[in-house]
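**Q** Dropping the structure in here first, questions after.
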Amino acid sequence: MAETKQQAASSPEDEAPEVSAQASFMIPKKEISMVPDMGKWKRSQAYADYISFIVTLNEGVKGKKMSCEYEVSETVDRLLELLGTLDRWINETPPVDQPSRFGNKAYRTWFAKLEQEAETLVSAVLPADRSAAAPEIAVYLKESVGNPTRIDYGTGHEAAFAAFLCCLCKVGALRAEDQLAIVFKVMRKLQKTYRMEPAGSQGVWGLDDFQFLPFIWGSSQFIGHPTLEPRHFLDEKVVNENHQDFMFLECIKFINEMKTGPFAEHSNQLWNISAVPSWSKVNQGLIRMYKAECLEKFPVIQHFKFGSLLSIQPVKP
């Protein structure tokens, strides 16, 4: 993969002002306990900052292949080291033999280690003058890797990981030039290794049992592509030849490996998307769908935690 010191256009923190080194941080906590609380979430600074982070990255990867040249900063390297540590712990905690195919109990051993080490891991990613933010940001890292009680993983956990990255942007650890690396260098090993039960899976009607954001950002990569249209992702040859360049196809390849039977049956929503005429329409539709099916659903957002960086306070007029 090509990596250079090449500047990206606009930054994830362009939308949300960077937090000063003197800011007082707090341990995030749940604020959405009943369905009527969802209004608070949709009016909150956290919602505005989260959406602008997702959309900014969506714009940043538009029309770009994963093999394109982009900067990998020292912070991104440290973040990759953090993820590498989590991967290493996975290898040191192999799945145990058990009757159930899903929800391998070795995951609990792995999670206990993360719970113990999360603040130290996050501190290593932060600039020295922002180390006070580590306890707050570490909560999102822990929330992002699945549920140790049910041993499941879903879009709520994925949202926590995006929130973790958003917080790193807000404290100035990740910057403008990190956009492509943020999107192109992260995700996927955990639920495949531990075979976690999909959390709140909508079965064939959901977009994917585990993730949503790679489909959004992956469809943005295709905008303006001269030959590949939405209908082409159903062609296994196209997927196998192009998945290393396009995140959307990487997701499709993952589904093809994990599921059996006709695609139209096991992944009906995606099959429907293949009939949309253009990638820009797919991309717009997926952002709308993400808001409606993930961010505006109480069962997902009831688990979201709010602190000083992602605040439940209403957006200032």
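We label chains A, B, ... in the order they appear in the structure tokens, count residues from 1 in each chain, and number ligands from 1 in the order shown.
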If you run DSSP over the backbone, which residues in stretch 102-314 of chain A end up helix (DSSP H, G or I)? Put them as a VMD selection string.

**A** chain A and resid 106 to 123 128 to 143 155 to 170 176 to 184 189 to 194 203 to 205 213 to 221 230 to 234 236 to 242 247 to 258 263 to 266 268 to 273 279 to 295 298 to 301

**Q** A:Phe246: which residues within 10 Å, counting only C-alpha atoms, same-chain residues fewer than 4 positions away excluded, as a list in words?

**A**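 Skipping anything fewer than 4 positions along the chain leaves Gly63, Lys64, Lys65, Met66, Ser67, Phe184, Pro214, Phe215, Trp217, Gly218, Ser219, Ser220, Gln221, Phe222, Val239, Asn242, Glu250 and Cys251 of chain A.
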
**Q** Leaving out A:Thr120 and any residue of its chain fewer than 3 positions from it, which residues lie within 10 Å of it when counting only C-alpha atoms, given as an NGL selection string?

**A** :A and (82 or 114 or 116-117 or 123-125 or 131 or 134-135 or 138)

**Q** For A:Cys167, work out the shell of residues within 8 Å, counting only C-alpha atoms and skipping chain neighbours fewer than 4 positions away, then give it as an MDAnalysis selection string.

**A** chainID A and resid 137 163 171 309:310

**Q** Can you work out the spacing between atom CA of A:His157 and atom CA of A:Val139 in Å, to one decimal?

**A**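 Value for the atom CA of A:His157-atom CA of A:Val139 distance: 11.7 Å.
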
**Q** Find the residue from A:Ser24, A:Ala118, A:Phe161, A:Glu92 that sits nearest to A:Arg130; use only C-alpha atoms when measuring.

**A**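 Checking each candidate against A:Arg130, we get A:Ser24 as the closest.
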
**Q** Can you pull out every residue within 12 Å of A:Ser278, counting only C-alpha atoms, but drop anything in the same chain fewer than 4 positions away, and send it as a compact mmCIF listing (two decimals) with C-alpha atoms, in the first residue's frame?

**A**
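Saved to selection_38.txt:
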# COMPACT_ATOMS: atom_id res chain seq x y z
CA SER A 219 -19.50 3.56 -1.87
CA SER A 220 -17.94 7.05 -1.78
CA PHE A 222 -16.56 4.47 -6.24
CA ILE A 223 -18.09 7.87 -7.04
CA GLY A 224 -16.91 8.87 -10.52
CA HIS A 225 -15.44 5.43 -11.30
CA PRO A 226 -15.31 5.04 -15.09
CA THR A 227 -16.38 1.37 -15.31
CA LEU A 228 -17.53 -0.19 -12.02
CA GLU A 229 -21.22 0.37 -11.31
CA PRO A 230 -23.29 -0.78 -8.32
CA ARG A 231 -24.51 -3.85 -10.24
CA HIS A 232 -20.92 -5.13 -10.54
CA ILE A 273 -28.68 -1.68 -3.65
CA SER A 274 -27.08 -3.33 -6.69
CA VAL A 282 -25.99 4.63 -3.28
CA ASN A 283 -23.79 6.81 -1.05
CA GLN A 284 -26.54 9.35 -0.27
CA GLY A 285 -29.02 6.54 0.36
